[in-house]
Structures are given as structure tokens and as C-alpha cells.
Number of protein chains: 2
Amino acid sequence: MSDLDALSAAYQNLKSRNQNIDMTRGKPAAAQLDLAAAMFELVGNDDCKGADGTDYRNYGILAGIPEARALFAELMETTPDLVIAGGNGSLQMMYDVLQGAVVFGVPGGDGPWRDAKFLCPVPGYDRHFAICERLGIGMIPVEMNDDGPDMDAVEALVAEDASIKGIWCVPKYSNPTGAVYSDAVVDRLAAMTCAAPDFRIMWDNAYVVHHLTGEIAAVKNIQKAAEAVGNPDRILTFVSTSKISLAGAGVAAMAASKVNVEDALERMFYSSIGPDKINQLRHVRFFKNKAGIEAHMLKHAAIIGPKFAAVEKAMSKAFDGTGLATWTKPAGGYFVSVDLMDGCAAETVKLCADAGVKLTASGACFPYGNDPRDRNIRLAPTMPTVDELERAMEVFCTTAKMVCLRKAAG
Amino acid sequence: MSDLDALSAAYQNLKSRNQNIDMTRGKPAAAQLDLAAAMFELVGNDDCKGADGTDYRNYGILAGIPEARALFAELMETTPDLVIAGGNGSLQMMYDVLQGAVVFGVPGGDGPWRDAKFLCPVPGYDRHFAICERLGIGMIPVEMNDDGPDMDAVEALVAEDASIKGIWCVPKYSNPTGAVYSDAVVDRLAAMTCAAPDFRIMWDNAYVVHHLTGEIAAVKNIQKAAEAVGNPDRILTFVSTSKISLAGAGVAAMAASKVNVEDALERMFYSSIGPDKINQLRHVRFFKNKAGIEAHMLKHAAIIGPKFAAVEKAMSKAFDGTGLATWTKPAGGYFVSVDLMDGCAAETVKLCADAGVKLTASGACFPYGNDPRDRNIRLAPTMPTVDELERAMEVFCTTAKMVCLRKAAG
């Protein structure tokens with residue numbers, strides 16, 4: 001029996017097991033959410049005032065409670081006055097910034113963005129790309145390297161084309177490759193000459209403390225780097241506790257220059273009665289400070305580290321020396337990015353689904369869902385149990401290898 | 001000593017007391033927020049799953065948890081599938097609808113709203129008008145009567161002008177007059193011929209259960225009325241628990257036709273990771289059903305009813321038979337609307353502030369802050385204590401009377 005015949009037989013056998021495992025999204029597992037159990041109990045009705053006596057149950061405080069702004073300021077390496085602590089999703093804040101740009105423009109620009117374009121390092125985060133697509137912001141893919149986007153390409157593009165208004169960046173443990181931006185890339189992004197005076201770097205620091213191993217990545221503070229070269233308003237930084245505390249009941253924050261913070265607050269005035277300050281207070285009491293967050297993240301790493309190890313073990317066993325696939329070995333974040341032979345991703349995702357293992361749609365990590373080489377697959381190992389994950393990876397590796405060999409056989 | 005001299009002396013005397021009382025906004029008092037004290041304890045980490053086992057701590061469920069949609073459906077007299085349970089503010093939902101209309105358009109229309117206008121019953125809610133102003137939606141004031149807007153004027157305007165895309169309505173205990181829309185007004189709004197095919201009624205049912213007395217107002221279901229005449233997509237209804245549970249940590253909801261709900265969910269997909277489902281669950285467990293909400297609102301009425309009575313008593317004592325002022329005697333809601341002699345509102349608000357009593361800015365209840373007769377003042381009695389309120393009303397009545405008499409004296 002040929003390798004391909006053996007794989008096909010193995011695939012049919014796996015398919016007959018009628019499994020149902022979901023690896024589509026980067027969702028924390030229940031065991032991770034349990035780590036924040038104490039948070040539910042930390043704020044009571046008699047105990048929900050600020051240091052100055054402000055009743056956090058009532059309306060108001062658009063920029064978030066001072067305690068939460070201080071916590072995020074420490075995490076984001078800035079000062080509390082330059083932080084907005086918001087609702088339960090940084091996606092909302094990012095969407096709001098870009099919709100605001102399209103409707104009103106941003107400081108330093110000449111009014112609403114028209115026919116704007118964004119640079120999109122690929123593979124990247126599908127929800128970022130969806131925002132652009134929805135708002136009619138054109139997307140230009142640029143290559144993602146191990147130390148950040150291809151800066152030669154980025155610099156050339158932004159210098160020439162004033163319609164390029166920004167770039168999406170996940171600087172630490174990037175989604176999905178796990179790449180960590182180097183200091184050189186940060187400096188070049190901060191200092192590069194942009195034809196658009198209102199160019200914005202959407203710095204989605206979603207995995208700022210989401211380490212998987214003892215190898216703790218540090219990314220240079222791009223806001224400070226931009227200030228140093230006279231571009232303070234270029235940077236908008238986002239974080240959230242969705243993957244720190246509770247995915248659906250966390251707190252998101254934005255940090256930026258004074259001008260950009262004021263612009264965001266002006267926009268929020270019209271739409272917001274203020275964030276849920278009680279939930280912000282829960283977070284402040286639970287984490288206390290950055291050290292508290294970092295200690296908490298070690299517990300997350302203890303839960304999901306073995307899952308990433310299971311992915312690596314399975315990939316290595318199946319593909320080492322085959323030349324059929326390359327994949328990332330992230331030191332943090334939520335994903336493993338796999339590149340198969342060209343033309344094999346969509347078929348692999350489809351056949352995995354047929355065998356009961358749901359993966360992120362192929363192409364999802366590219367603008368308009370279009371992976372030009374049809375080779376990239378994002379694996380999201382956090383949600384299943386280790387046991388489920390091992391079974392899922394058996395399906396994935398068998399299927400991917402079978403698809404590649406078929407393709408190679410023509 | 002003339003009446004005016006006596007009032008001026010009294011004003012100077014009151015001013016010398018250095019009071020500091022804030023009646024600017026319709027905020028619930030701490031005692032009202034205390035009524036929801038048990039809510040803080042109702043959801044714990046081991047107890048936050050839905051009936052179908054869904055973990056409400058995690059991402060997702062854009063339309064809100066089924067239990068919350070069911071609760072709001074009962075409150076809003078519709079079915080759960082036509083309800084979106086959202087975040088902590090209905091203002092956000094209303095803003096999102098109108099910004100969506102400006103950027104994308106709404107179902108039944110021909111694309112983004114351009115040079116759109118809205119009808120604004122006056123006096124009305126300043127935050128409604130602020131949304132329009134921000135989004136460049138022109139505002140046309142129409143007179144507010146005791147049973148709703150002047151429908152002859154409304155019908156004439158919307159029939160002729162296709163750029164008039166909607167109307168703001170607070171149908172029950174309207175802000176600020178306390179007016180309750182009659183069945184006839186509801187029917188005319190639902191059935192009127194609109195030149196704009198995508199006309200929308202922003203039905204902000206902010207005070208749906210906010211009764212002050214035993215006189216419980218019922219407003220006819222406008223969604224059903226609109227469906228009956230073939231205009232199901234005309235209506236967007238909003239409520240929130242901000243003035244039922246916690247002002248800053250409540251839950252808002254929107255109800256509409258299937259087409260409009262799908263449109264809203266499509267918009268939310270790009271910006272939301274789902275609402276805070278844990279907080280929704282707290283609300284469901286606390287209130288259980290509409291009867292639970294209604295029972296809870298009786299406790300609110302017991303707290304704020306005496307405050308409205310204090311306003312009425314002071315106004316009646318100061319102004320009965322003078323011809324200097326008229327004012328509303330609401331059976332619900334959060335405000336008393338006062339009309340002084342023409343030309344006396346701004347001066348009264350200013351002099352009250354000088355004497356330590358902050359009132360809502362004069363003109364706030366009109367588009368662009370422009371009260372053409374400079375006579376309307378909104379009183380917000382809920383936040384101060386009864387004692388503070390009595391002192392504040394002494395300042396207000398003395399000041400208003402003095403300003404009116406001065407004006408009358410030329």
C-alpha cells in the first residue's frame with residue numbers, strides 16, 4: 001500500500017469516529033475562565049465607590065474609572081490620562097476609531113476618509129480585515145516576517161500613496177503566526193515617512209501578556225518611539241482582558257496621544273453613557289496591578305501550554321522532513337499558523353470538517369478571505385481539551401498530509 | 001417693598017447660603033440603586049451557564065442570551081427573536097442605528113442617508129438631538145402636545161419631504177414633559193404616508209415602567225400597529241434597565257421587525273464580540289419576568305414620588321394664579337418641564353447656578369440648544385434628597401419669579 005493509500009484509509013477510519021471538535025476560534029477554555037472565579041465576588045452593592053466617593057453604579061465617567069485607567073496605563077506603559085478604559089471588547093473600540101475616521105476623519109487629516117486603504121500584514125487577524133471590508137477601506141496585503149511586517153515594502157507603499165491611511169499590527173505573538181515585532185521594525189513604523197498626514201497604526205496588543213513559555217517577549221513601546229520622532233498621533237494601542245479574565249465580560253482599553261484620546265472621547269460622548277464601571281472595578285480589585293496580571297497569566301500558560309505542545313508534537317511527528325508543511329512555534333498568543341503545499345489549504349479544511357474537526361476557514365487570515373497560494377491554515381488550540389486536541393491533530397495531520405500527497409501526485 | 005424687591009432680597013439671601021445642589025441630569029439616586037443590591041450576588045463562576053449549557057463567560061451570542069431576550073420581549077410586547085439584548089446603554093444602540101444609516105443606509109432605502117432630516121418633538125431629549133447634530137442629520141422641531149407630537153404637522157411634513165427620514169419619540173412619560181402618546185397618535189405614526197421609503201420612528205421607550213403614581217399609563221404597541229398597516233420596518237423600539245437596575249451597569253435592548261433586527265446584527269458582527277452576557281444573566285435572575293420588573297418599579301416610585309410631589313408643591317405655591325409659569329405634573333418618567341414667561345429661561349438657569357443650584361442648560365430640550373422662546377426649563381428631581389430638593393426649589397421658584405417680574409417690568 002502506498003503512503004497515499006495508507007493515509008486515505010486512515011482518514012476514512014478517523015472519519016468514521018464521528019468526532020465533533022471545534023478549533024475555529026481563539027476562545028479560552030472553561031478552565032482558563034475558572035481562573036477568574038473570584039472576580040464575581042469582589043464588588044458588592046456596599047462597596048462600589050471610587051476613592052473620591054463617586055458612585056460607580058451611576059451614569060458617567062466616559063473614559064473609565066481612574067483605577068482602571070491606572071491599571072491599563074501600567075500594562076500599556078503610558079499614563080492614566082492617555083488611557084480610555086471601555087466596555088467588554090477592544091474590537092468595538094477599533095471599529096469605532098475606523099468608522100469615526102470614515103464618517104468624521106481623524107486629527108491631523110482633512111476630513112472624512114474617502115477611498116482610504118490599509119496595509120494588512122498577512123497572514124493576519126480576520127476580524128481586522130472584516131472591519132476594513134465593511135467600512136470600504138481597501139486592503140493591501142504585505143508580507144509578515146518573523147520580526148514583523150516586511151518594512152521595505154511598507155515604507156515604500158506609505159511614502160508614495162496618500163490614500164494609504166494605516167496599517168494593522170498585532171505586535172506581540174501576532175495572530176496567527178506568533179511573530180514578535182523587533183525593535184528595528186517598531187522604530188521604522190514609528191518613524192517612516194507617510195504620504196498621508198493622518199496615517200494611523202492600529203497597534204492591537206491583544207497578546208501583551210499572553211506568554212506560553214518561559215520565553216517572555218518584550219516589544220518596544222511604539223508610542224514613545226513615535227513621540228521621539230515627532231509622530232505622537234500616529235499610534236493607537238489596544239488591549240483587552242478578554243483572554244485574561246473573562247472572554248465576554250472583560251474590559252478593553254485604548255491608549256494614544258492626548259489628541260487622539262480627546263478625539264475618541266468626543267466621539268464617545270454622543271454614543272455612550274459611560275462604560276460598565278462596576279465591571280471595571282471588579283477587574284481592578286482582582287488584578288490590582290500589572291504584576292497581578294502577569295502572575296495570573298502564568299496560570300493560563302500552565303493550562304494552554306500543554307495544548308500548544310500537543311500541536312507541535314503532532315505536527316513534528318507528521319511533517320518533519322517531509323517538505324509538505326511549515327508551521328510556527330509561538331512563544332505566546334493563541335494560534336499556530338500552518339503553511340501547507342500551495343493549493344492544499346481549502347481542501348484540507350473541508351475534509352477535516354467532514355471528519356468532525358472544524359478549523360478556521362481557509363483564507364480567513366487574508367484580506368477578503370483570499371489566500372493567493374491557498375496554503376495557510378490557522379490552528380486554534382486553546383478551546384479543546386488536550387485529549388480532544390490530540391484527536392483533532394490526528395485528523396488534521398492525516399488529512400493535510402493526504403491532501404498534499406494527492407496534490408503532489410497530480 | 002415691592003414684590004420684585006422682596007424677591008430680589010430673598011434671592012440674595014438664598015445665594016448667601018452657598019448651596020451646591022445638582023439637578024442637571026436624570027440620574028437615579030443612590031437609594032434607588034440600592035434596590036438592586038441583590039443583583040451583585042446572583043451570578044457566580046459556578047453558575048453562569050445557559051439552559052442549553054452555553055458558557056456565558058466566553059465570547060459570542062451577538063443578540064444577547066436567550067433568557068434576556070425573553071425578558072425584554074415580554075417587557076416590549078414582542079417575541080424573543082425580534083429582540084437584541086445589548087450592552088449597558090440604549091444610547092449606544094440608537095447611535096449605532098443612525099450612524100449605520102448614515103454610513104450604510106437602512107433596509108428599504110437606497111443607500112446611505114445623505115442630507116437626511118429628523119423630526120424632533122419639542123421640548124425633547126437633548127441626547128437624541130445631539131446624535132442628529134453629530135451625524136449631520138438636520139432637525140425640524142414639531143410641537144409636543146399632551147398626547148404626543150402635533151400629528152397634523154408631522155403628517156404634512158413627512159408626506160411632502162423625502163429627506164425627512166425619521167422622528168424621535170419617547171412615547172411614555174416623555175422627556176421632559178411627561179406626555180403619554182395616545183392611541184390615536186400611535187396609529188397615525190404607524191400609518192402615516194411617508195415620502196421616504198426608509199422612514200424610521202426611533203421609539204425610545206425609556207420610561208416604559210417608570211410610573212410615579214397609581215396612574216399607570218399604557219401606550220399602544222406601535223410595532224403591531226405598524227405591522228397591521230403594512231409598515232413593519234418603520235419602527236425601532238429601545239428600552240434599557242439603566243433607570244430600573246443600575247444606571248451604569250444595566251442592560252439595553254432593541255426590538256424591531258425581523259428585517260431590522262437582522263440589519264442591526266449584521267452591523268454588530270463587525271464591531272462586537274457579543275454583549276456582557278454575565279451581566280445580562282444577573283438581570284434575568286434578579287427580575288425574572290415583567291411582573292418582577294413592575295414590582296421593582298413600585299419601590300422606585302416610593303423613593304422618587306415624594307420628590308416629584310415636592311416639586312409640584314413648591315411650583316404650585318409659588319406660581320398658582322400668577323400667570324408667570326406653566327409646568328407639567330407627570331405620572332411617570334424623570335422630569336418636570338417648566339415654561340416660564342418668554343425670554344426668562346436662560347437668565348433663570350444662570351442665576352440659579354449663581355445661587356448654587358445647577359439646572360439643565362436652558363434650551364437643552366430643543367434642537368441645537370435653541371429654545372426660540374427662551375422659556376423652557378427641565379427640572380430633574382430624582383438625584384437630590386427631598387430635603388435638598390426643597391431647598392433647590394426654593395431657589396428655583398424665587399429666582400424664576402424674580403426674573404419673570406423683572407422682565408414684566410421691562
# chains A, B, ... in the order shown; residues from 1 in each chain; ligands from 1
>>> select_by_dssp(residues="stretch 222-402 of chain B", states="strand (DSSP E)", output="ChimeraX atom specification")
/B:235-240,252-256,325-327,336-340,357-359,376-379
>>> write_last_selection(atoms="C-alpha atoms", output="PDB file, in the first residue's frame")
ATOM      1  CA  ILE B 235     -40.377  51.133  13.998  1.00  0.00           C
ATOM      2  CA  LEU B 236     -37.275  50.690  16.155  1.00  0.00           C
ATOM      3  CA  THR B 237     -38.039  50.354  19.850  1.00  0.00           C
ATOM      4  CA  PHE B 238     -35.477  50.835  22.608  1.00  0.00           C
ATOM      5  CA  VAL B 239     -35.509  50.252  26.331  1.00  0.00           C
ATOM      6  CA  SER B 240     -32.879  49.874  28.995  1.00  0.00           C
ATOM      7  CA  ALA B 252     -30.247  47.833  26.963  1.00  0.00           C
ATOM      8  CA  ALA B 253     -32.431  46.249  24.325  1.00  0.00           C
ATOM      9  CA  MET B 254     -33.800  46.950  20.891  1.00  0.00           C
ATOM     10  CA  ALA B 255     -36.894  45.401  19.357  1.00  0.00           C
ATOM     11  CA  ALA B 256     -37.926  45.692  15.727  1.00  0.00           C
ATOM     12  CA  ALA B 325     -45.299  79.805  34.596  1.00  0.00           C
ATOM     13  CA  THR B 326     -46.878  76.565  33.497  1.00  0.00           C
ATOM     14  CA  TRP B 327     -45.440  73.186  34.324  1.00  0.00           C
ATOM     15  CA  VAL B 336     -40.822  68.188  35.169  1.00  0.00           C
ATOM     16  CA  SER B 337     -40.941  70.618  32.273  1.00  0.00           C
ATOM     17  CA  VAL B 338     -41.448  74.257  33.183  1.00  0.00           C
ATOM     18  CA  ASP B 339     -42.404  77.024  30.781  1.00  0.00           C
ATOM     19  CA  LEU B 340     -41.760  80.485  32.164  1.00  0.00           C
ATOM     20  CA  VAL B 357     -28.439  75.158  42.151  1.00  0.00           C
ATOM     21  CA  LYS B 358     -27.368  73.617  38.858  1.00  0.00           C
ATOM     22  CA  LEU B 359     -30.180  73.033  36.388  1.00  0.00           C
ATOM     23  CA  ASN B 376     -38.405  76.115  28.858  1.00  0.00           C
ATOM     24  CA  ILE B 377     -36.530  74.645  31.817  1.00  0.00           C
ATOM     25  CA  ARG B 378     -36.212  70.948  32.580  1.00  0.00           C
ATOM     26  CA  LEU B 379     -36.216  70.024  36.241  1.00  0.00           C
TER      27      LEU B 379
END
>>> interface_residues(of="chain A", to="chain B", cutoff="6 Å", atoms="only C-alpha atoms", output="PDB file with C-alpha atoms, in the first residue's frame")
ATOM      1  CA  ALA A  37     -13.721  32.842  39.547  1.00  0.00           C
ATOM      2  CA  PHE A  40     -17.524  37.514  40.571  1.00  0.00           C
ATOM      3  CA  GLY A  44     -20.877  44.296  46.168  1.00  0.00           C
ATOM      4  CA  ASN A  45     -23.523  46.955  46.452  1.00  0.00           C
ATOM      5  CA  ARG A  57     -23.247  52.297  39.854  1.00  0.00           C
ATOM      6  CA  ASN A  58     -24.494  55.519  38.306  1.00  0.00           C
ATOM      7  CA  TYR A  59     -24.086  57.122  34.877  1.00  0.00           C
ATOM      8  CA  LEU A  91     -12.976  45.139  18.683  1.00  0.00           C
ATOM      9  CA  GLN A  92     -15.646  47.732  19.441  1.00  0.00           C
ATOM     10  CA  TYR A  95     -14.253  49.594  14.888  1.00  0.00           C
ATOM     11  CA  ILE A 131     -13.726  45.905   9.710  1.00  0.00           C
ATOM     12  CA  LEU A 246     -13.496  36.553  31.025  1.00  0.00           C
ATOM     13  CA  ALA A 247     -13.798  36.490  27.248  1.00  0.00           C
ATOM     14  CA  GLY A 248     -17.260  38.008  27.142  1.00  0.00           C
ATOM     15  CA  ALA A 249     -17.141  40.073  30.319  1.00  0.00           C
ATOM     16  CA  TYR A 270     -22.567  61.019  21.554  1.00  0.00           C
ATOM     17  CA  SER A 271     -22.982  57.277  21.902  1.00  0.00           C
ATOM     18  CA  SER A 272     -22.059  56.301  25.422  1.00  0.00           C
ATOM     19  CA  ASP A 276     -19.772  49.488  32.947  1.00  0.00           C
TER      20      ASP A 276
END
>>> atom_distance(atom1="atom CA of B:Lys49", atom2="atom CA of B:Val251")
18.1 Å
>>> atom_distance(atom1="atom CA of B:Asp183", atom2="atom CA of B:Lys224")
12.2 Å
>>> atom_distance(atom1="atom CA of B:Gly230", atom2="atom CA of B:Met192")
11.0 Å
>>> residues_around(residues="stretch 12-15 of chain A", least_positions_apart="3", cutoff="7 Å", atoms="only C-alpha atoms", output="ChimeraX atom specification")
/A:8-9,18,355,395
>>> residues_around(residues="A:Lys401", least_positions_apart="2", cutoff="10 Å", atoms="only C-alpha atoms", output="ChimeraX atom specification")
/A:3-4,7-8,318-319,322,324-325,340-341,344,348,395-399,403-407
>>> select_by_dssp(residues="stretch 204-360 of chain B", states="helix (DSSP H, G or I)", output="ChimeraX atom specification")
/B:222-228,232-234,258-269,277-287,290-319,345-354
>>> residues_around(residues="A:Cys169", least_positions_apart="4", cutoff="6 Å", atoms="only C-alpha atoms", output="JSON, numbers by chain")
{"A": [202, 203, 204]}
>>> closest_residue(among="B:His296, B:Gly138, B:Gly356, B:Gly108", to="B:Arg234", atoms="only C-alpha atoms")
B:Gly108
>>> residues_around(residues="stretch 186-191 of chain B", least_positions_apart="2", cutoff="9 Å", atoms="only C-alpha atoms", output="short mmCIF file (atom, residue, chain, number, x, y, z; two decimals) with C-alpha atoms, in the first residue's frame")
data_model
loop_
_atom_site.label_atom_id
_atom_site.label_comp_id
_atom_site.auth_asym_id
_atom_site.auth_seq_id
_atom_site.Cartn_x
_atom_site.Cartn_y
_atom_site.Cartn_z
CA GLY B 148 -47.75 63.20 21.65
CA MET B 151 -49.64 64.91 14.20
CA VAL B 154 -45.90 65.58 11.36
CA GLU B 155 -48.11 64.07 8.67
CA PRO B 171 -43.85 57.60 23.92
CA TYR B 181 -48.79 59.18 23.46
CA SER B 182 -52.46 58.48 22.79
CA ASP B 183 -53.66 55.52 20.77
CA ALA B 184 -54.69 57.91 18.02
CA THR B 193 -47.75 58.23 4.43
CA CYS B 194 -44.04 58.97 4.29
CA ILE B 201 -39.53 56.01 14.12
CA VAL B 219 -49.17 53.12 25.31
CA LYS B 220 -50.47 51.22 22.34
CA ASN B 221 -47.96 48.79 20.77
CA ILE B 222 -46.70 50.73 17.77
CA GLN B 223 -44.86 47.80 16.22
CA LYS B 224 -48.09 45.83 15.99
CA ALA B 225 -49.95 48.91 14.77
CA ALA B 226 -47.34 49.42 12.05
CA GLU B 227 -47.46 45.76 11.05
CA ALA B 228 -51.23 45.94 10.78
CA VAL B 229 -50.95 48.67 8.15
CA GLY B 230 -48.03 47.17 6.28
CA ASN B 231 -45.22 49.26 7.76
CA PRO B 232 -43.40 46.70 9.94
CA ARG B 234 -40.79 51.66 10.25
CA ILE B 235 -40.38 51.13 14.00
#
>>> closest_residue(among="B:Asp126, B:Met315, B:Ala409, B:Leu119", to="B:Gly369", atoms="only C-alpha atoms")
B:Asp126
